[in-house]
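Note: the block below is model.json and it holds JSON, C-alpha atoms.
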```json
[["chain", "number", "residue", "atom", "x", "y", "z"],
["A", 1, "GLY", "CA", -7.15, -23.70, 10.28],
["A", 2, "GLY", "CA", -4.96, -25.23, 12.89],
["A", 3, "LEU", "CA", -1.53, -25.90, 14.31],
["A", 4, "LEU", "CA", 0.71, -28.06, 12.12],
["A", 5, "LYS", "CA", -2.38, -29.34, 10.32],
["A", 6, "ASP", "CA", -1.49, -29.22, 6.65],
["A", 7, "ASP", "CA", -4.78, -30.11, 5.04],
["A", 8, "SER", "CA", -3.90, -30.73, 1.40],
["A", 9, "LEU", "CA", -7.53, -30.27, 0.31],
["A", 10, "LEU", "CA", -7.72, -26.89, 2.04],
["A", 11, "ARG", "CA", -4.44, -25.84, 0.44],
["A", 12, "LEU", "CA", -5.59, -27.05, -2.97],
["A", 13, "ALA", "CA", -8.89, -25.17, -2.65],
["A", 14, "ILE", "CA", -7.19, -21.94, -1.60],
["A", 15, "ASP", "CA", -4.49, -22.21, -4.25],
["A", 16, "ARG", "CA", -7.13, -22.82, -6.92],
["A", 17, "CYS", "CA", -9.12, -19.79, -5.76],
["A", 18, "VAL", "CA", -6.01, -17.64, -5.93],
["A", 19, "ALA", "CA", -5.05, -19.07, -9.35],
["A", 20, "SER", "CA", -8.53, -18.12, -10.59],
["A", 21, "GLY", "CA", -7.95, -14.50, -9.51],
["A", 22, "VAL", "CA", -9.47, -14.43, -6.01],
["A", 23, "THR", "CA", -7.42, -12.59, -3.36],
["A", 24, "VAL", "CA", -7.57, -14.58, -0.11],
["A", 25, "VAL", "CA", -6.97, -12.77, 3.20],
["A", 26, "VAL", "CA", -6.65, -14.84, 6.40],
["A", 27, "ALA", "CA", -6.12, -14.29, 10.10],
["A", 28, "ALA", "CA", -2.63, -15.30, 11.28],
["A", 29, "GLY", "CA", -4.05, -16.74, 14.51],
["A", 30, "ASN", "CA", -4.13, -15.89, 18.20],
["A", 31, "PHE", "CA", -1.70, -18.27, 19.84],
["A", 32, "ALA", "CA", 1.28, -15.92, 20.42],
["A", 33, "ASN", "CA", 3.30, -18.24, 18.24],
["A", 34, "ASP", "CA", 5.03, -18.46, 14.87],
["A", 35, "ALA", "CA", 2.34, -18.07, 12.19],
["A", 36, "GLY", "CA", 4.37, -20.42, 10.00],
["A", 37, "LEU", "CA", 3.12, -23.30, 12.14],
["A", 38, "PHE", "CA", -0.55, -22.65, 11.32],
["A", 39, "VAL", "CA", -2.73, -23.14, 8.28],
["A", 40, "PRO", "CA", -3.94, -21.45, 6.22],
["A", 41, "GLY", "CA", -1.84, -18.48, 7.37],
["A", 42, "ARG", "CA", 1.40, -20.18, 6.38],
["A", 43, "TYR", "CA", 0.33, -20.69, 2.77],
["A", 44, "SER", "CA", 2.26, -18.37, 0.49],
["A", 45, "SER", "CA", -0.81, -17.88, -1.71],
["A", 46, "VAL", "CA", -2.75, -15.99, 1.00],
["A", 47, "ILE", "CA", -2.33, -12.61, 2.66],
["A", 48, "SER", "CA", -1.78, -13.46, 6.34],
["A", 49, "VAL", "CA", -2.70, -10.77, 8.88],
["A", 50, "SER", "CA", -1.51, -10.20, 12.45],
["A", 51, "ALA", "CA", -3.06, -7.69, 14.86],
["A", 52, "PHE", "CA", -2.09, -4.61, 16.82],
["A", 53, "ALA", "CA", -3.89, -2.46, 19.37],
["A", 54, "ASP", "CA", -5.11, 0.98, 18.32],
["A", 55, "GLN", "CA", -7.25, 2.26, 21.16],
["A", 56, "ASN", "CA", -7.29, 5.91, 20.14],
["A", 57, "GLY", "CA", -7.49, 5.56, 16.35],
["A", 58, "ARG", "CA", -4.43, 7.79, 15.84],
["A", 59, "GLY", "CA", -1.52, 5.98, 14.27],
["A", 60, "GLY", "CA", 1.76, 6.44, 16.08],
["A", 61, "THR", "CA", 0.25, 8.29, 19.05],
["A", 62, "SER", "CA", 0.06, 5.88, 21.98],
["A", 63, "THR", "CA", -2.15, 6.35, 25.00],
["A", 64, "GLY", "CA", -0.20, 3.60, 26.78],
["A", 65, "PRO", "CA", -1.59, 0.48, 28.45],
["A", 66, "PHE", "CA", -5.30, -0.27, 28.61],
["A", 67, "THR", "CA", -7.43, -3.21, 29.73],
["A", 68, "VAL", "CA", -9.15, -5.47, 27.21],
["A", 69, "PRO", "CA", -11.94, -7.50, 28.85],
["A", 70, "GLY", "CA", -11.21, -11.21, 28.70],
["A", 71, "ILE", "CA", -7.68, -10.61, 27.42],
["A", 72, "GLY", "CA", -5.81, -8.45, 29.91],
["A", 73, "THR", "CA", -3.56, -5.46, 29.42],
["A", 74, "GLU", "CA", -2.58, -4.35, 25.93],
["A", 75, "VAL", "CA", -0.57, -1.31, 24.82],
["A", 76, "ASP", "CA", -2.02, 1.23, 22.40],
["A", 77, "GLU", "CA", 0.01, 1.06, 19.16],
["A", 78, "GLY", "CA", 1.49, -2.22, 20.39],
["A", 79, "PHE", "CA", 1.57, -5.71, 18.94],
["A", 80, "PHE", "CA", -1.48, -7.66, 20.17],
["A", 81, "SER", "CA", -0.07, -10.00, 22.81],
["A", 82, "LEU", "CA", -1.84, -13.12, 21.48],
["A", 83, "SER", "CA", -1.33, -12.45, 17.78],
["A", 84, "ASN", "CA", 0.77, -14.92, 15.84],
["A", 85, "TRP", "CA", 3.93, -13.44, 14.34],
["A", 86, "GLY", "CA", 6.79, -14.34, 12.03],
["A", 87, "SER", "CA", 7.83, -14.39, 8.42],
["A", 88, "ALA", "CA", 4.52, -16.00, 7.31],
["A", 89, "VAL", "CA", 2.71, -12.79, 8.27],
["A", 90, "ASP", "CA", 2.32, -10.32, 5.41],
["A", 91, "ILE", "CA", 0.76, -7.29, 7.08],
["A", 92, "ILE", "CA", -0.58, -6.06, 10.42],
["A", 93, "ALA", "CA", -3.87, -4.23, 11.06],
["A", 94, "PRO", "CA", -5.98, -3.08, 14.03],
["A", 95, "GLY", "CA", -7.47, -6.05, 15.84],
["A", 96, "VAL", "CA", -8.00, -5.13, 19.50],
["A", 97, "SER", "CA", -11.39, -4.04, 20.86],
["A", 98, "ILE", "CA", -12.99, -3.82, 17.42],
["A", 99, "ARG", "CA", -16.73, -3.17, 17.48],
["A", 100, "SER", "CA", -18.28, -5.87, 15.34],
["A", 101, "THR", "CA", -21.50, -7.71, 14.64],
["A", 102, "TYR", "CA", -22.05, -10.54, 17.07],
["A", 103, "ARG", "CA", -24.39, -13.46, 17.60],
["A", 104, "GLY", "CA", -27.88, -12.72, 18.81],
["A", 105, "LYS", "CA", -28.32, -9.77, 16.42],
["A", 106, "ARG", "CA", -26.14, -7.48, 18.49],
["A", 107, "TYR", "CA", -22.74, -5.82, 18.50],
["A", 108, "ALA", "CA", -19.75, -6.56, 20.68],
["A", 109, "SER", "CA", -16.15, -5.47, 21.14],
["A", 110, "ILE", "CA", -14.02, -8.34, 19.79],
["A", 111, "THR", "CA", -10.26, -8.86, 19.75],
["A", 112, "GLY", "CA", -8.00, -10.96, 17.57],
["A", 113, "THR", "CA", -6.52, -11.48, 14.15],
["A", 114, "SER", "CA", -10.01, -12.38, 12.91],
["A", 115, "GLN", "CA", -10.86, -8.73, 13.54],
["A", 116, "ALA", "CA", -7.68, -7.47, 11.84],
["A", 117, "SER", "CA", -8.06, -9.52, 8.66],
["A", 118, "PRO", "CA", -11.36, -7.87, 7.56],
["A", 119, "HIS", "CA", -9.56, -4.51, 7.58],
["A", 120, "VAL", "CA", -7.08, -5.96, 5.07],
["A", 121, "ALA", "CA", -9.83, -7.63, 3.02],
["A", 122, "GLY", "CA", -11.58, -4.26, 2.78],
["A", 123, "ALA", "CA", -8.34, -2.59, 1.73],
["A", 124, "ALA", "CA", -7.89, -5.30, -0.92],
["A", 125, "ALA", "CA", -11.39, -4.48, -2.22],
["A", 126, "LEU", "CA", -10.46, -0.79, -2.41],
["A", 127, "PHE", "CA", -7.31, -1.66, -4.36],
["A", 128, "ILE", "CA", -9.23, -3.92, -6.75],
["A", 129, "ARG", "CA", -11.88, -1.23, -7.29],
["A", 130, "ARG", "CA", -9.16, 1.15, -8.50],
["A", 131, "ASN", "CA", -7.26, -1.60, -10.32],
["A", 132, "PRO", "CA", -9.86, -3.84, -11.98],
["A", 133, "GLY", "CA", -8.42, -7.18, -13.04],
["A", 134, "ALA", "CA", -5.50, -6.97, -10.58],
["A", 135, "SER", "CA", -4.12, -10.39, -9.77],
["A", 136, "PRO", "CA", -3.88, -11.54, -6.13],
["A", 137, "ALA", "CA", -0.11, -10.96, -6.32],
["A", 138, "GLN", "CA", -0.70, -7.41, -7.56],
["A", 139, "VAL", "CA", -3.21, -6.81, -4.76],
["A", 140, "ARG", "CA", -0.69, -8.05, -2.17],
["A", 141, "GLN", "CA", 2.02, -5.82, -3.64],
["A", 142, "GLY", "CA", -0.36, -2.85, -3.78],
["A", 143, "LEU", "CA", -1.24, -3.22, -0.10],
["A", 144, "LEU", "CA", 2.40, -3.63, 0.88],
["A", 145, "SER", "CA", 3.46, -0.64, -1.23],
["A", 146, "ALA", "CA", 0.84, 1.54, 0.48],
["A", 147, "SER", "CA", 1.69, 0.27, 3.98],
["A", 148, "LEU", "CA", 3.52, 2.13, 6.70],
["A", 149, "PRO", "CA", 6.39, 0.88, 8.87],
["A", 150, "PHE", "CA", 5.21, -0.56, 12.18],
["A", 151, "THR", "CA", 7.77, -0.71, 14.96],
["A", 152, "PRO", "CA", 6.10, -1.55, 18.28],
["A", 153, "ALA", "CA", 8.25, -1.76, 21.36],
["A", 154, "ASN", "CA", 6.71, -5.15, 22.16],
["A", 155, "ASP", "CA", 7.37, -6.93, 18.84],
["A", 156, "PRO", "CA", 7.78, -10.61, 19.79],
["A", 157, "ASP", "CA", 10.15, -11.69, 17.03],
["A", 158, "GLY", "CA", 11.90, -8.68, 15.50],
["A", 159, "VAL", "CA", 10.20, -9.24, 12.11],
["A", 160, "LEU", "CA", 8.51, -5.91, 11.51],
["A", 161, "GLU", "CA", 5.25, -6.41, 9.67],
["A", 162, "PRO", "CA", 4.13, -3.51, 7.49],
["A", 163, "GLN", "CA", 1.09, -1.70, 8.86],
["A", 164, "LEU", "CA", -2.03, -1.48, 6.73],
["A", 165, "TYR", "CA", -2.60, 2.04, 5.39],
["A", 166, "VAL", "CA", -5.56, 2.72, 3.11],
["A", 167, "ALA", "CA", -5.24, 6.42, 2.26],
["A", 168, "PRO", "CA", -3.31, 5.81, -1.00],
["A", 169, "LEU", "CA", -5.73, 3.10, -2.10]]
```
As a first step, turn the structure in this file into structure tokens.
Amino acid sequence: GGLLKDDSLLRLAIDRCVASGVTVVVAAGNFANDAGLFVPGRYSSVISVSAFADQNGRGGTSTGPFTVPGIGTEVDEGFFSLSNWGSAVDIIAPGVSIRSTYRGKRYASITGTSQASPHVAGAAALFIRRNPGASPAQVRQGLLSASLPFTPANDPDGVLEPQLYVAPL
């Protein structure tokens, strides 16, 4: 993906995947900017994901500021400072200091919307498992219907993305 790069072949490929029944989940990007300026996150056919910090793993209970190596200070239960935002974003999920596989056959703590989007992809898989044959639009609606309100004090644009919640799925 990229800024203001509207690759028609990429869009065509994604739209065809979605039309064939594949739910596509993408990272909104980490430029602290309007996600509507970036592809593929601005495509209406995808589920675009922004990121928030959840240091303690307890929704709604903040431990306050904490340091993220290579990033700086983030706030538990706060909008990730570099996450893209805006009306192109469909949902928000944990994406700060996520333990993940890493190059060299090891694990590392990684931060960004690319760490938040797999949470949503996994939730989509849970929804599809319980709703075989669900269309991508039905998957999106199912995730949004199950979501929780997310109202961080540091929201950059005032558009409140729904927070991923998997318990009902």
- Query: Which residues come within 6 Å of A:Ser109, counting only C-alpha atoms, excluding same-chain residues fewer than 4 positions away, as a VMD selection string?
  - Reply: chain A and resid 97 to 99
Write out the residues from the selection above, keeping C-alpha atoms, as a tab-separated table (two decimals), in the coordinates of the input.
```tsv
chain	number	residue	atom	x	y	z
A	97	SER	CA	-11.39	-4.04	20.86
A	98	ILE	CA	-12.99	-3.82	17.42
A	99	ARG	CA	-16.73	-3.17	17.48
```
Please return as a tab-separated table (two decimals) with C-alpha atoms, in the coordinates of the input every residue within 10 Å of (2.6, 1.3, 20.1), taking into account only C-alpha atoms and the file's own coordinates.
```tsv
chain	number	residue	atom	x	y	z
A	52	PHE	CA	-2.09	-4.61	16.82
A	53	ALA	CA	-3.89	-2.46	19.37
A	54	ASP	CA	-5.11	0.98	18.32
A	55	GLN	CA	-7.25	2.26	21.16
A	59	GLY	CA	-1.52	5.98	14.27
A	60	GLY	CA	1.76	6.44	16.08
A	61	THR	CA	0.25	8.29	19.05
A	62	SER	CA	0.06	5.88	21.98
A	63	THR	CA	-2.15	6.35	25.00
A	64	GLY	CA	-0.20	3.60	26.78
A	65	PRO	CA	-1.59	0.48	28.45
A	74	GLU	CA	-2.58	-4.35	25.93
A	75	VAL	CA	-0.57	-1.31	24.82
A	76	ASP	CA	-2.02	1.23	22.40
A	77	GLU	CA	0.01	1.06	19.16
A	78	GLY	CA	1.49	-2.22	20.39
A	79	PHE	CA	1.57	-5.71	18.94
A	80	PHE	CA	-1.48	-7.66	20.17
A	150	PHE	CA	5.21	-0.56	12.18
A	151	THR	CA	7.77	-0.71	14.96
A	152	PRO	CA	6.10	-1.55	18.28
A	153	ALA	CA	8.25	-1.76	21.36
A	154	ASN	CA	6.71	-5.15	22.16
A	155	ASP	CA	7.37	-6.93	18.84
```
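The residue that comes closest to A:Asn131, out of A:Ala146, A:Ile14, A:Leu169, A:Ile47 and on the basis of all atoms listed in the file, is A:Leu169.
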- Contact residues around A:Ala51 with all atoms listed in the file at 6 Å, ignoring same-chain residues under 3 positions, as a list in words: Phe80, Ser83, Ile92, Ala93, Pro94, Gly95, Thr113 and Ala116 of chain A
- Item | Nearest candidate to A:Ser117 (options A:Ser135, A:Ser50, A:Ser45, A:Asn33; using all atoms listed in the file) |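 Closest residue, counting all atoms listed in the file: A:Ser50.
With distances taken over all atoms listed in the file, A:Thr111 is the one residue among A:Ile91, A:Gln141, A:Thr111, A:Asn56 lying closest to A:Gly72.
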